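**Q** Below is the file upload.cif, with mmCIF, C-alpha atoms.
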```cif
data_input
loop_
_atom_site.label_atom_id
_atom_site.label_comp_id
_atom_site.auth_asym_id
_atom_site.auth_seq_id
_atom_site.Cartn_x
_atom_site.Cartn_y
_atom_site.Cartn_z
CA MET A 1 164.30 -0.29 180.65
CA THR A 2 165.36 -0.64 177.04
CA PHE A 3 162.69 -0.53 174.36
CA ASP A 4 163.72 -2.50 171.29
CA GLY A 5 160.35 -2.70 169.54
CA SER A 6 159.82 -6.38 170.32
CA ALA A 7 156.70 -7.69 172.04
CA GLY A 8 158.53 -10.44 173.85
CA GLY A 9 161.58 -12.60 173.96
CA GLY A 10 160.66 -14.85 171.05
CA SER A 11 161.61 -14.26 167.41
CA GLU A 12 158.24 -13.93 165.70
CA SER A 13 157.77 -13.22 162.01
CA PRO A 14 156.91 -9.60 161.27
CA ALA A 15 153.24 -8.86 160.69
CA ARG A 16 152.25 -9.17 157.06
CA ALA A 17 151.34 -5.85 155.48
CA PRO A 18 147.63 -5.53 154.74
CA ARG A 19 146.67 -6.12 151.14
CA PRO A 20 146.01 -2.81 149.37
CA ARG A 21 142.35 -2.12 148.86
CA ARG A 22 141.30 -2.41 145.23
CA CYS A 23 139.97 0.74 143.59
CA HIS A 24 137.49 0.67 140.71
CA TYR A 25 136.57 3.78 138.77
CA LEU A 26 133.25 3.76 136.91
CA ILE A 27 132.37 6.47 134.39
CA GLY A 28 128.81 7.15 133.28
CA PRO A 29 125.99 9.74 133.08
CA SER A 30 124.25 9.13 136.41
CA GLY A 31 122.33 11.51 138.64
CA PHE A 32 120.34 13.59 136.13
CA PRO A 33 118.24 11.50 136.95
CA ASN A 34 117.34 9.22 134.05
CA PHE A 35 115.83 5.80 134.77
CA GLY A 36 118.00 4.00 132.21
CA ASP A 37 121.28 5.65 133.19
CA GLU A 38 120.65 5.07 136.89
CA LEU A 39 119.71 1.46 136.18
CA ILE A 40 122.98 0.74 134.35
CA ALA A 41 125.02 2.23 137.20
CA ALA A 42 122.95 0.32 139.75
CA THR A 43 123.57 -2.92 137.84
CA TRP A 44 127.34 -2.59 138.10
CA LEU A 45 127.25 -1.40 141.70
CA ARG A 46 125.17 -4.41 142.75
CA TYR A 47 127.57 -6.68 140.90
CA LEU A 48 130.59 -5.16 142.67
CA ALA A 49 128.82 -5.20 146.02
CA ARG A 50 128.47 -8.95 145.63
CA THR A 51 131.90 -9.67 144.17
CA GLU A 52 134.12 -6.98 145.77
CA PRO A 53 132.37 -5.36 148.75
CA GLU A 54 135.70 -4.25 150.25
CA ALA A 55 136.90 -2.41 147.14
CA ASP A 56 136.75 1.36 146.84
CA VAL A 57 134.33 2.29 144.07
CA TRP A 58 134.24 5.72 142.47
CA LEU A 59 131.61 6.86 140.00
CA ASP A 60 132.63 9.77 137.77
CA THR A 61 129.45 11.46 136.58
CA HIS A 62 128.13 14.85 135.57
CA SER A 63 125.86 15.00 138.66
CA PRO A 64 127.81 13.45 141.56
CA GLY A 65 125.60 14.82 144.34
CA PRO A 66 122.28 13.41 143.11
CA ALA A 67 124.04 10.22 142.00
CA GLN A 68 125.44 9.66 145.49
CA LEU A 69 121.97 9.98 146.99
CA LEU A 70 120.28 7.77 144.40
CA LEU A 71 122.89 4.99 144.42
CA ASN A 72 124.57 5.23 147.82
CA ASP A 73 123.07 2.09 149.35
CA LEU A 74 124.08 -0.17 146.46
CA HIS A 75 127.78 -0.49 147.36
CA PRO A 76 129.23 0.07 150.85
CA ARG A 77 132.25 2.03 149.57
CA LEU A 78 130.73 4.10 146.76
CA ARG A 79 131.81 7.70 146.29
CA CYS A 80 131.03 10.02 143.41
CA THR A 81 133.04 12.69 141.60
CA ASP A 82 132.93 14.55 138.27
CA THR A 83 136.56 14.94 137.19
CA LEU A 84 136.38 13.66 133.62
CA TRP A 85 133.03 15.31 132.95
CA ARG A 86 134.46 18.64 134.12
CA LEU A 87 137.49 18.23 131.89
CA CYS A 88 135.22 17.51 128.91
CA GLY A 89 133.33 20.71 129.65
CA GLU A 90 136.54 22.73 129.78
CA ALA A 91 137.64 21.72 126.28
CA PRO A 92 137.99 24.67 123.89
CA SER A 93 135.22 23.52 121.51
CA ASP A 94 132.72 20.77 120.76
CA ASP A 95 134.98 19.26 118.10
CA PRO A 96 135.69 15.65 119.22
CA TRP A 97 139.36 15.84 118.18
CA GLU A 98 139.95 19.03 120.17
CA VAL A 99 138.07 17.62 123.18
CA ALA A 100 140.10 14.40 123.16
CA ASN A 101 143.37 16.28 122.81
CA TRP A 102 142.54 18.70 125.63
CA VAL A 103 141.42 16.03 128.10
CA GLN A 104 144.43 13.81 127.43
CA SER A 105 146.74 16.79 127.84
CA ALA A 106 145.12 17.73 131.16
CA VAL A 107 145.38 14.18 132.50
CA ASN A 108 149.05 14.04 131.52
CA ASP A 109 149.78 17.54 132.86
CA PRO A 110 147.39 18.44 135.71
CA GLY A 111 148.88 21.92 135.77
CA LEU A 112 146.66 22.66 132.76
CA ALA A 113 143.59 22.02 134.93
CA PRO A 114 144.69 22.74 138.52
CA ARG A 115 141.12 22.93 139.83
CA TRP A 116 140.82 19.19 139.21
CA ASP A 117 144.33 18.19 140.22
CA ALA A 118 143.10 15.97 143.10
CA GLY A 119 140.68 14.17 140.82
CA ILE A 120 143.33 13.63 138.15
CA ASP A 121 145.62 12.22 140.83
CA LEU A 122 142.89 9.75 141.81
CA LEU A 123 142.58 8.62 138.18
CA GLY A 124 146.19 7.46 138.39
CA ARG A 125 145.58 5.29 141.46
CA THR A 126 142.90 2.92 140.20
CA ASP A 127 142.87 -0.76 139.30
CA VAL A 128 140.04 -0.58 136.75
CA LEU A 129 138.77 2.33 134.64
CA HIS A 130 135.35 1.35 133.30
CA LEU A 131 133.05 3.35 131.02
CA ILE A 132 129.75 1.70 131.89
CA GLY A 133 127.11 1.24 129.23
CA GLY A 134 124.61 3.61 127.72
CA GLY A 135 124.02 5.84 124.74
CA TYR A 136 126.10 8.86 125.70
CA LEU A 137 129.14 8.51 123.38
CA ASN A 138 127.72 9.83 120.12
CA ALA A 139 126.98 12.89 118.00
CA LEU A 140 124.29 14.15 120.37
CA TRP A 141 126.97 14.86 122.98
CA PRO A 142 130.27 15.21 121.07
CA ARG A 143 132.23 16.37 124.13
CA HIS A 144 131.76 12.99 125.77
CA ILE A 145 134.52 11.52 123.60
CA GLY A 146 136.77 13.12 126.21
CA LEU A 147 135.66 10.47 128.70
CA LEU A 148 137.27 7.80 126.53
CA ALA A 149 140.35 9.92 125.95
CA GLY A 150 140.79 10.73 129.64
CA ALA A 151 140.43 7.12 130.75
CA ALA A 152 142.93 5.96 128.11
CA ALA A 153 145.44 8.63 129.13
CA ALA A 154 145.11 7.82 132.82
CA ALA A 155 145.58 4.10 132.20
CA ARG A 156 148.70 4.71 130.14
CA ARG A 157 150.26 6.35 133.21
CA SER A 158 148.96 3.96 135.87
CA GLY A 159 148.64 0.61 134.12
CA ALA A 160 144.99 0.29 135.15
CA ARG A 161 142.75 -2.13 133.29
CA THR A 162 140.42 -0.28 130.91
CA ALA A 163 136.95 -1.23 129.73
CA MET A 164 133.98 0.15 127.88
CA THR A 165 130.89 -2.05 128.01
CA GLY A 166 127.35 -2.05 126.63
CA GLN A 167 128.00 0.99 124.47
CA GLY A 168 125.55 2.44 121.95
CA LEU A 169 127.66 4.67 119.72
CA THR A 170 125.33 5.85 116.95
CA PRO A 171 124.90 8.33 115.44
CA PHE A 172 128.60 9.10 115.75
CA PRO A 173 130.08 12.54 114.95
CA PRO A 174 131.10 12.86 111.29
CA GLY A 175 134.85 12.74 110.83
CA ALA A 176 135.54 11.25 114.27
CA THR A 177 135.31 7.52 113.57
CA ASP A 178 139.08 7.16 113.25
CA LEU A 179 139.48 8.93 116.58
CA LEU A 180 137.01 6.52 118.19
CA ARG A 181 138.87 3.51 116.79
CA SER A 182 142.23 4.84 117.91
CA LEU A 183 140.99 5.37 121.46
CA ALA A 184 139.19 2.02 121.58
CA ASP A 185 142.44 0.28 120.56
CA ARG A 186 143.89 1.44 123.88
CA PHE A 187 141.19 -0.34 125.91
CA ASP A 188 141.51 -3.88 127.24
CA VAL A 189 137.80 -4.68 126.98
CA VAL A 190 135.52 -3.18 124.33
CA ASP A 191 131.89 -4.32 124.25
CA VAL A 192 128.95 -2.74 122.37
CA ARG A 193 125.23 -3.43 122.49
CA ASP A 194 124.01 -3.13 118.89
CA ASP A 195 125.08 -3.88 115.32
CA PRO A 196 125.57 -0.28 114.09
CA SER A 197 127.95 0.33 117.00
CA ALA A 198 129.83 -2.87 116.19
CA ALA A 199 130.17 -1.67 112.59
CA LEU A 200 132.01 1.41 113.87
CA LEU A 201 134.53 -0.77 115.70
CA PRO A 202 135.17 -3.86 113.56
CA GLY A 203 136.26 -6.87 115.57
CA VAL A 204 134.89 -5.83 118.96
CA VAL A 205 132.44 -7.83 121.04
CA ARG A 206 128.74 -7.18 120.43
CA THR A 207 126.69 -8.52 123.32
CA CYS A 208 123.74 -6.53 124.67
CA ASP A 209 122.86 -3.83 127.18
CA ASP A 210 124.64 -3.88 130.55
CA VAL A 211 121.32 -4.19 132.41
CA PHE A 212 121.06 -7.80 131.20
CA LEU A 213 123.90 -8.58 133.63
CA GLU A 214 121.41 -8.39 136.51
CA PRO A 215 117.93 -7.26 135.42
CA PRO A 216 116.10 -5.66 138.34
CA GLU A 217 113.73 -7.90 140.23
CA GLN A 218 110.28 -6.64 139.36
CA ARG A 219 107.52 -8.20 141.39
CA PRO A 220 104.19 -8.18 139.53
CA THR A 221 101.94 -5.45 140.91
CA ALA A 222 98.55 -6.79 141.94
CA GLN A 223 96.69 -3.71 140.74
CA ALA A 224 98.89 -2.96 137.74
CA ARG A 225 97.05 -1.31 134.87
CA GLU A 226 96.66 -3.15 131.59
CA PHE A 227 98.29 -0.36 129.56
CA VAL A 228 101.36 1.73 130.42
CA LEU A 229 102.53 4.90 128.67
CA CYS A 230 105.86 6.76 128.55
CA VAL A 231 106.52 9.06 125.60
CA GLN A 232 109.25 11.68 125.85
CA SER A 233 109.77 14.98 124.07
CA ASP A 234 113.41 15.82 124.91
CA ILE A 235 115.04 14.18 121.86
CA GLY A 236 113.85 14.35 118.28
CA ALA A 237 112.19 16.92 116.06
CA PHE A 238 108.60 16.58 117.25
CA GLU A 239 106.76 19.05 119.43
CA PRO A 240 104.87 17.55 122.39
CA SER A 241 101.55 18.37 120.69
CA VAL A 242 102.44 16.22 117.66
CA LEU A 243 103.39 13.29 119.88
CA ALA A 244 100.30 13.76 122.02
CA ALA A 245 98.09 13.54 118.92
CA GLN A 246 99.78 10.28 117.89
CA VAL A 247 99.39 8.81 121.37
CA LEU A 248 95.73 9.75 121.56
CA GLY A 249 95.12 8.15 118.17
CA LEU A 250 96.67 4.90 119.38
CA LEU A 251 94.70 4.85 122.62
CA ARG A 252 91.44 5.43 120.78
CA ALA A 253 92.21 2.82 118.11
CA TRP A 254 92.94 0.27 120.83
CA GLU A 255 89.87 1.38 122.82
CA VAL A 256 91.92 2.07 125.94
CA HIS A 257 89.89 3.59 128.77
CA PRO A 258 91.72 5.96 131.17
CA GLU A 259 91.09 3.68 134.15
CA GLN A 260 93.09 0.98 132.32
CA LEU A 261 96.12 3.24 131.84
CA ALA A 262 99.23 4.06 133.89
CA VAL A 263 101.69 6.81 132.92
CA VAL A 264 105.32 6.44 134.06
CA GLU A 265 108.11 8.99 134.16
CA GLY A 266 111.63 7.98 133.07
CA ILE A 267 113.06 11.50 133.52
CA PRO A 268 111.36 13.86 135.99
CA ARG A 269 109.28 16.59 134.33
CA VAL A 270 110.61 15.76 130.84
CA ASP A 271 108.26 12.81 130.47
CA ARG A 272 105.24 14.80 131.67
CA ALA A 273 105.03 17.13 128.68
CA VAL A 274 103.17 14.75 126.36
CA PRO A 275 100.68 13.25 128.87
CA ALA A 276 100.03 16.73 130.30
CA LEU A 277 98.49 17.71 126.97
CA LEU A 278 96.19 14.70 127.26
CA GLU A 279 95.19 15.33 130.85
CA HIS A 280 91.56 16.08 130.05
CA GLU A 281 91.35 13.00 127.83
CA LEU A 282 92.89 10.72 130.44
CA ALA A 283 90.99 11.49 133.62
CA GLY A 284 91.27 8.34 135.71
CA ALA A 285 94.73 7.30 134.56
CA GLU A 286 97.32 6.86 137.31
CA PHE A 287 100.71 8.57 137.30
CA HIS A 288 103.98 7.06 138.55
CA PRO A 289 106.74 9.69 138.98
CA PHE A 290 110.41 8.79 138.67
CA ARG A 291 110.78 8.97 142.46
CA ASP A 292 108.26 6.17 142.96
CA ILE A 293 109.47 3.83 140.23
CA TRP A 294 113.07 4.21 141.42
CA ARG A 295 112.12 3.40 145.01
CA HIS A 296 109.43 0.80 144.45
CA GLY A 297 109.82 -0.47 140.90
CA LEU A 298 107.74 -0.19 137.77
CA PRO A 299 104.02 -1.08 137.78
CA LEU A 300 104.59 -4.31 135.86
CA ALA A 301 102.52 -7.38 135.11
CA PRO A 302 102.74 -10.09 132.43
CA GLY A 303 100.36 -9.49 129.58
CA GLN A 304 100.51 -5.70 129.80
CA THR A 305 100.77 -3.53 126.73
CA TRP A 306 103.25 -0.65 126.87
CA ILE A 307 103.71 2.39 124.67
CA SER A 308 107.26 3.52 125.41
CA SER A 309 109.82 5.72 123.74
CA ARG A 310 112.25 4.99 126.60
CA TYR A 311 114.64 2.18 125.72
CA HIS A 312 115.23 0.83 129.22
CA LEU A 313 111.54 0.77 130.01
CA HIS A 314 111.20 -1.41 126.90
CA LEU A 315 113.99 -3.68 128.20
CA VAL A 316 112.67 -4.07 131.75
CA ALA A 317 109.02 -4.45 130.77
CA ALA A 318 109.84 -7.06 128.11
CA ALA A 319 111.98 -8.93 130.65
CA ALA A 320 108.90 -9.06 132.90
CA GLY A 321 106.72 -10.54 130.16
CA ALA A 322 105.00 -7.41 128.89
CA SER A 323 104.38 -6.61 125.26
CA GLY A 324 104.54 -3.15 123.81
CA LEU A 325 105.00 -0.57 121.12
CA ALA A 326 108.57 0.76 120.81
CA PHE A 327 107.71 4.39 120.03
CA SER A 328 110.77 5.88 118.29
CA VAL A 329 110.99 9.67 118.47
CA SER A 330 114.40 9.80 116.72
CA ARG A 331 115.43 7.54 113.85
CA GLY A 332 119.13 8.22 114.23
CA TYR A 333 119.13 7.48 117.96
CA TYR A 334 116.13 5.66 119.38
CA THR A 335 115.28 3.45 116.40
CA THR A 336 118.67 1.73 116.70
CA LYS A 337 118.22 1.27 120.43
CA HIS A 338 114.75 -0.24 120.23
CA ARG A 339 115.70 -2.36 117.22
CA SER A 340 118.48 -4.02 119.21
CA LEU A 341 115.92 -5.28 121.75
CA ILE A 342 113.39 -6.33 119.13
CA ASP A 343 116.10 -8.31 117.32
CA LEU A 344 116.95 -10.04 120.59
CA GLY A 345 113.35 -11.19 120.87
CA SER A 346 111.48 -8.67 123.04
CA GLY A 347 108.32 -9.31 121.03
CA TRP A 348 107.60 -5.60 120.78
CA THR A 349 106.38 -3.77 117.68
CA SER A 350 108.39 -0.89 116.24
CA PHE A 351 106.58 2.43 115.70
CA ASP A 352 108.26 5.33 113.90
CA ALA A 353 106.87 8.73 114.91
CA GLU A 354 108.02 10.13 111.56
CA GLU A 355 105.91 7.64 109.63
CA GLY A 356 102.91 7.79 111.94
CA GLY A 357 100.01 5.43 111.35
CA THR A 358 98.00 3.25 113.71
CA PRO A 359 99.53 -0.18 114.27
CA ASP A 360 97.53 -3.01 115.80
CA ARG A 361 97.91 -3.68 119.49
CA PRO A 362 101.02 -5.85 120.02
CA THR A 363 100.44 -9.45 121.06
CA GLY A 364 103.92 -10.57 122.15
CA THR A 365 104.87 -11.92 125.58
CA GLY A 366 108.24 -10.27 126.17
CA PHE A 367 111.66 -11.91 126.14
CA PRO A 368 111.69 -15.71 126.18
CA PRO A 369 113.45 -17.06 129.30
CA HIS A 370 116.27 -18.62 127.27
CA VAL A 371 117.12 -15.22 125.75
CA LEU A 372 117.34 -13.61 129.18
CA ARG A 373 119.59 -16.42 130.37
CA ARG A 374 121.80 -16.12 127.32
CA CYS A 375 122.13 -12.36 127.65
CA ARG A 376 122.92 -12.69 131.34
CA ASP A 377 125.64 -15.25 130.61
CA LEU A 378 127.19 -13.02 127.96
CA LYS A 379 127.30 -10.02 130.27
CA ARG A 380 128.74 -12.13 133.08
CA SER A 381 131.54 -13.11 130.73
CA VAL A 382 132.13 -9.42 130.04
CA ALA A 383 132.10 -8.63 133.78
CA THR A 384 134.67 -11.38 134.38
CA ALA A 385 136.87 -9.94 131.66
CA VAL A 386 136.67 -6.48 133.24
CA TYR A 387 137.04 -7.32 136.92
CA GLY A 388 138.32 -10.88 137.03
CA SER A 389 140.24 -13.07 134.64
CA GLN A 390 141.67 -11.31 131.60
CA VAL A 391 140.76 -14.22 129.35
CA ILE A 392 137.20 -14.80 128.17
CA GLU A 393 136.03 -17.95 126.46
CA GLU A 394 134.56 -17.18 123.07
CA VAL A 395 130.98 -18.37 122.86
CA ARG A 396 129.10 -18.83 119.62
CA PRO A 397 125.44 -19.58 120.41
CA ALA A 398 122.87 -20.47 117.80
CA THR A 399 120.69 -17.52 118.74
CA ARG A 400 121.16 -14.91 116.04
CA ARG A 401 122.78 -11.58 116.93
CA LEU A 402 124.06 -12.94 120.25
CA ALA A 403 127.34 -14.46 119.13
CA LEU A 404 130.55 -12.95 120.44
CA ARG A 405 132.41 -11.92 117.33
CA SER A 406 135.90 -11.60 118.76
CA TRP A 407 137.57 -10.43 121.90
CA ARG A 408 139.90 -7.48 121.73
CA THR A 409 142.69 -7.20 124.28
CA ARG A 410 145.30 -4.49 124.39
CA SER A 411 148.68 -5.65 123.15
CA SER A 412 151.43 -5.46 125.71
#
```
Before we go any further, please render this structure as C-alpha cells.
**A**
Amino acid sequence: MTFDGSAGGGSESPARAPRPRRCHYLIGPSGFPNFGDELIAATWLRYLARTEPEADVWLDTHSPGPAQLLLNDLHPRLRCTDTLWRLCGEAPSDDPWEVANWVQSAVNDPGLAPRWDAGIDLLGRTDVLHLIGGGYLNALWPRHIGLLAGAAAAARRSGARTAMTGQGLTPFPPGATDLLRSLADRFDVVDVRDDPSAALLPGVVRTCDDVFLEPPEQRPTAQAREFVLCVQSDIGAFEPSVLAAQVLGLLRAWEVHPEQLAVVEGIPRVDRAVPALLEHELAGAEFHPFRDIWRHGLPLAPGQTWISSRYHLHLVAAAAGASGLAFSVSRGYYTTKHRSLIDLGSGWTSFDAEEGGTPDRPTGTGFPPHVLRRCRDLKRSVATAVYGSQVIEEVRPATRRLALRSWRTRSS
C-alpha cells in the first residue's frame, strides 16, 4: 500500500492554517496588593475577557505570584510575569536617564540580562504592549520610567501596538521631562487622567482614570455604616499620630459615634496604622480588611459620608452616590489625584492635611449619572484605539475638563 498523504481519492483544498492567537501584554503595579492598582488591572482584564477571551494575556508586574492569585479568574488566559520590573531594578542607578538607557539596551541585547532572556523574547512576540493606568510613573518611583523605555524598545523590534492609558505622571523627576516626551512620542496611544499630567505631554489625550471604563458593580449593603474611614500613612510627611489627631477632630466635630463608622483597608496593614491609634476611641466601629473588600466589595450605600485619602476609594464611593472628604496626605501626589475627581464632579470636599482645620460635613451626592456615562464613553474610545480600530473619533463634549484635546498616533 502506498501512502501519499491524501485522505481519499478526491482533490480537496488543504486545511486552512489556524489563525494565530493574539497576545496582549499589560504592564502595571499589581499584586502588592493595593486596592486601586488591582482595580485598574481588573478593569482591563474584564474588558479583554469580554472582547478577546481567546487571546493570550500577560501582566508584567512587580508581584506576579500574588497578582496571579488575585486576578486569575478575570480572564481565562491570564498569566503573570515580572520581566520589565526586574530590568528596572537592575539599572545601575535611580537616575531616570540611566534606567531608560539600561532597560532599552537589555531589551535590544538580551545577553546583557541573560536571566530574563525568556521574558525579553516574549516581549518581542506580542500584538499590544499596554502600560495600564495608575500613578506609578513619577518622581516617587523614578526607576519605573524603564517600563516605558522597555515597552518602546520591544515594540520597535516587533511592531507591536503601544499604549499608555489613564496615567498620572506628577510629580515627575526633575530633568526628565524631555525623556518622558521622547518615549511617549514612540507610543501609538497616549492617554492621561489629569491636567498636570497633560501639561507634561502637550497634545496628548486627557480623559480620566481607567476604572471609569467599567466601574465595579457595587451593590448597596443593607447594613452599611453611615460613615466610612480610610486614611493612610505610607506616603507623605505626617506621622500616624498626627493624622490620627486630625481624624479624631473631624469625627468629634461631625458627632460621629463609633457604631456609625466603618474602617476600610486599601493596602493590608498599611491602612491600619492610623485607626489603630484610635482603637480605644472607636470601640464599636467595624473593620473591613482588604481581603474582604476585594472579594465582596466595599460597604457602600448612597448618602454615606467618607473620609478617604485613597484615590480609588474616592472614585468608587462617589460613583455609588456617596459623598466624602478627600483627605490629601501629600500635596505633590494625592492632591492632584483627588482634584481630578472633584473637577469631574464627584461632589467631594478637598481636605489638605498640611493646612488642617475642621471642614463641615460634605453634602454632595457623588458623580451625576451623565458624568459616569461620559467618562465610560471616553474610556471605551481609548480601549478601541488600543485594542481595536486605530482611528478614534475626536469628541468635544460641553462638560468641562472632559474634552479630548487631540489624538497622538505614531508616525509611520
**Q** Would you list the residues near (104.9, -0.8, 122.6), meaning any protein, DNA or RNA residue with an atom at most 7 Å from that point in file coordinates, counting only C-alpha atoms, as a list in words?
**A**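 Result, sorted by chain then residue number: Thr305, Trp306, Ile307, Ser308, Ser323, Gly324, Leu325, Ala326, Phe327, Trp348, Thr349 and Pro362 of chain A.
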**Q** Quick check on the file I pasted: which residues fall under the PyMOL selection byres ((chain A and resi 262-272) around 9)? Write them as a ChimeraX atom specification.
**A** /A:32-36,224-234,258-261,273-277,285-291,293,298-299,310,312-313
**Q** Nearest to Arg181 (chain A) among A:Gly388, A:Ser381, A:Arg22, A:Leu201, with distances taken over only C-alpha atoms: which residue is it?
**A** A:Leu201
**Q** Using only C-alpha atoms, which of A:Ala49, A:Leu180, A:Leu71, A:Leu341 sits nearest Gly31 (chain A)?
**A** A:Leu71
**Q** Please provide as number ranges by chain all residues within 10 Å of Ser63 (chain A), with the sequence filter that same-chain residues fewer than 3 positions apart are discarded (counting only C-alpha atoms).
**A** A: 28-33, 60, 66-68, 80-82, 85
**Q** Quick one: write out the picked residues with C-alpha atoms as a compact mmCIF listing (two decimals), in the frame of the given file?
**A**
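This went into result.txt:
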```
# COMPACT_ATOMS: atom_id res chain seq x y z
CA GLY A 28 128.81 7.15 133.28
CA PRO A 29 125.99 9.74 133.08
CA SER A 30 124.25 9.13 136.41
CA GLY A 31 122.33 11.51 138.64
CA PHE A 32 120.34 13.59 136.13
CA PRO A 33 118.24 11.50 136.95
CA ASP A 60 132.63 9.77 137.77
CA PRO A 66 122.28 13.41 143.11
CA ALA A 67 124.04 10.22 142.00
CA GLN A 68 125.44 9.66 145.49
CA CYS A 80 131.03 10.02 143.41
CA THR A 81 133.04 12.69 141.60
CA ASP A 82 132.93 14.55 138.27
CA TRP A 85 133.03 15.31 132.95
```
**Q** Could you check the closest approach to Gly168 (chain A) for each of A:Phe238, A:Thr335, A:Val386, A:Tyr25 and tell me which residue wins, using only C-alpha atoms?
**A**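 The answer is A:Thr335, which sits nearest to Gly168 (chain A).
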**Q** If the PyMOL selection byres ((chain A and resi 93-107) around 12) is run on the structure shown, which residues does it catch, given as JSON, numbers by chain?
**A** {"A": [83, 84, 85, 86, 87, 88, 89, 90, 91, 92, 108, 109, 110, 111, 112, 113, 114, 115, 116, 117, 118, 119, 120, 121, 122, 123, 124, 137, 138, 139, 140, 141, 142, 143, 144, 145, 146, 147, 148, 149, 150, 151, 152, 153, 154, 155, 156, 157, 158, 172, 173, 174, 175, 176, 177, 178, 179, 180, 182, 183]}
**Q** What is the distance, in Å and to one decimal place, between CA of His257 (chain A) and CA of Gly356 (chain A)?
**A**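 Rounded to one decimal, the two atoms are 21.7 Å apart.
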**Q** Measure the distance from CA of Glu38 (chain A) to CA of Val242 (chain A) in Å and round it to one decimal.
**A**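 Atom-to-atom, CA of Glu38 (chain A) to CA of Val242 (chain A), that is 28.7 Å.
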**Q** Kindly resolve the PyMOL selection byres ((chain A and resi 366-378) around 6) on the present coordinates and return the residues as a count of residues only.
**A** 15
**Q** Between CA of Pro64 (chain A) and CA of Arg50 (chain A), what is the distance in Å, rounded to a tenth?
**A**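 So the two atoms, CA of Pro64 (chain A) and CA of Arg50 (chain A), lie 22.8 Å apart.
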**Q** So, counting all atoms listed in the file, which residue among A:Leu26, A:Leu200, A:Ala317, A:Val329 is closest to Leu243 (chain A)?
**A**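 Closest candidate: A:Val329.
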